[in-house]
Amino acid sequence: MHYIVMDLEWNQPVSFQSSAYKQVGDKLLFEIIQIGAVKLDKRFRIVGETDILISPAYYKRLHPYVRRMTKLTPEDLAGQPGFPDAIQQFMKFCGKDAVICTWGADDVSVLKQNADCFAFEGKLPDAYNIQRYFAEVFNLGNSQRALKSAMEQLGIAEEEDRDFHHALHDAYYTALVLKKLPDPKRILDYGQEPRKLGHTASRRRFRITHTVPTVAAGLRHKDVVQPACPACKKPAVLTTEMIPQSPGRYIALCKCKTHGQFLVKLRFAQLKGKDKGMNLSVSPASRQTRAYVHTKELQHQYRRKSGYVFPDPEDLSQVCTSNMPFDDK
Ligand SMILES: [Zn+2]
């Protein structure tokens, strides 16, 4: 049997108002543009690698964030095979007796959604989650580590000619992590079903964590400006501004030096009398969530530049449902 350590890069809609998104957004939130994989034999020796670039069929404009992260350009993708051919090529690389291993659950979920959207008829290999095995080895509970931080923990150095956010390089590093874990074969205890990607309405009840006189005061609150990392409780640093989503709802990303990136969610509700109730939550941010927040930040900046008239932030009389594209839990 072969272990295929896989990593993907994907594009996302530049705008949730775009015609491509309106056409396929419920079936395809992220469109794969690169499949990188390293093949390990049963003794976890590297016996092959592949790097497949894919020309997107729907989200043809590369999102600036994706472009910045992956350093891929439209020219790199022009003339490359489409997903249906690329997945055949990837299946051929995997061979008959293979399992897929990934860092986290995102990549298998995105792979499955792309396979379904493009009506791939074959059967994808079973998938296993190295991040969960790593978390168990180091007793991390549910707090997940970024690949880079896992490498540091295991003393694996970044190689000069292998930048991160390149599907093959990330797959290669992930393979090194797997090889270094105490008993790599145990990865087979960490099966990972693809998650369903989609817009999910938040059904969480509103719990007041702070009472503030105004929304503006809430946004300036020190717990918001310097959110505590849920893992170590030390102050994390905001890496985006607080982005308004709808009246009384804001999102942002923050970063703890040790524990990586988190999603900051802020909600306000009008209390009886003048005060406002505020709910602050800080939770691990998956790659999808991070990409989503970056899209929202760009949209917000664009609106501000174009003279858009924002609704009064202090007016909380409107009720809205949230729609994060990815259910993080
Ligand atoms: Zn921390």
# chains A, B, ... in the order shown; residues from 1 in each chain; ligands from 1
>>> closest_atom_pairs(of="range 143-166 of chain A", to="range 29-51 of chain A", cutoff="12 Å", atoms="only C-alpha atoms", output="CSV")
residue,atom,partner,partner_atom,distance
A:Phe164,CA,A:Gly36,CA,12.0
A:His165,CA,A:Gln34,CA,10.4
A:His166,CA,A:Gly36,CA,7.8
>>> residues_near_ligand(ligand="ligand 1", cutoff="9 Å", atoms="only C-alpha atoms and all ligand atoms", output="list in words")
Ala228, Cys229, Pro230, Ala231, Cys232, Lys233, Lys234, Pro235, Ala236, Lys255, Cys256, Lys257, Thr258, His259 and Gly260 of chain A
>>> select_by_dssp(residues="range 56-294 of chain A", states="alpha helix (DSSP H)", output="MDAnalysis selection string")
chainID A and resid 64:70 74:77 83:94 106:117 130:137 147:154 167:180 215:220 222:225 287:294
>>> closest_atom_pairs(of="range 88-111 of chain A", to="range 3-21 of chain A", cutoff="8 Å", atoms="only C-alpha atoms", output="CSV")
residue,atom,partner,partner_atom,distance
A:Cys94,CA,A:Ile4,CA,6.5
A:Ala98,CA,A:Tyr3,CA,5.8
A:Val99,CA,A:Tyr3,CA,5.2
A:Ile100,CA,A:Ile4,CA,4.7
A:Cys101,CA,A:Val5,CA,4.6
A:Thr102,CA,A:Met6,CA,5.5
A:Trp103,CA,A:Asp7,CA,7.7
A:Asp107,CA,A:Leu8,CA,6.1
>>> write_last_selection(atoms="N, CA, C and O atoms", output="PDB file, in the first residue's frame")
ATOM      1  N   CYS A  94      -1.802   8.010  -7.699  1.00  0.00           N
ATOM      2  CA  CYS A  94      -2.088   7.291  -6.444  1.00  0.00           C
ATOM      3  C   CYS A  94      -1.915   5.779  -6.634  1.00  0.00           C
ATOM      4  O   CYS A  94      -1.384   5.098  -5.780  1.00  0.00           O
ATOM      5  N   ALA A  98      -4.016   2.738  -2.380  1.00  0.00           N
ATOM      6  CA  ALA A  98      -3.463   3.958  -1.784  1.00  0.00           C
ATOM      7  C   ALA A  98      -4.463   4.578  -0.822  1.00  0.00           C
ATOM      8  O   ALA A  98      -5.667   4.402  -0.953  1.00  0.00           O
ATOM      9  N   VAL A  99      -3.917   5.289   0.145  1.00  0.00           N
ATOM     10  CA  VAL A  99      -4.751   6.117   1.006  1.00  0.00           C
ATOM     11  C   VAL A  99      -4.202   7.547   0.937  1.00  0.00           C
ATOM     12  O   VAL A  99      -3.021   7.753   0.670  1.00  0.00           O
ATOM     13  N   ILE A 100      -5.087   8.492   1.166  1.00  0.00           N
ATOM     14  CA  ILE A 100      -4.674   9.899   1.144  1.00  0.00           C
ATOM     15  C   ILE A 100      -4.468  10.376   2.577  1.00  0.00           C
ATOM     16  O   ILE A 100      -5.293  10.088   3.454  1.00  0.00           O
ATOM     17  N   CYS A 101      -3.371  11.082   2.820  1.00  0.00           N
ATOM     18  CA  CYS A 101      -3.127  11.669   4.134  1.00  0.00           C
ATOM     19  C   CYS A 101      -2.979  13.178   3.958  1.00  0.00           C
ATOM     20  O   CYS A 101      -2.261  13.621   3.060  1.00  0.00           O
ATOM     21  N   THR A 102      -3.648  13.938   4.798  1.00  0.00           N
ATOM     22  CA  THR A 102      -3.565  15.389   4.676  1.00  0.00           C
ATOM     23  C   THR A 102      -3.375  16.022   6.048  1.00  0.00           C
ATOM     24  O   THR A 102      -3.578  15.371   7.083  1.00  0.00           O
ATOM     25  N   TRP A 103      -2.978  17.277   6.023  1.00  0.00           N
ATOM     26  CA  TRP A 103      -2.873  18.059   7.256  1.00  0.00           C
ATOM     27  C   TRP A 103      -4.227  18.738   7.459  1.00  0.00           C
ATOM     28  O   TRP A 103      -4.569  19.659   6.719  1.00  0.00           O
ATOM     29  N   ASP A 107      -8.470  19.909   3.044  1.00  0.00           N
ATOM     30  CA  ASP A 107      -8.135  19.486   1.687  1.00  0.00           C
ATOM     31  C   ASP A 107      -9.021  18.350   1.176  1.00  0.00           C
ATOM     32  O   ASP A 107      -9.460  18.387   0.035  1.00  0.00           O
TER      33      ASP A 107
END
>>> closest_residue(among="A:Gly79, A:Gly218, A:Pro244, A:Gly307", to="Ala269 in chain A", atoms="only C-alpha atoms")
A:Gly218
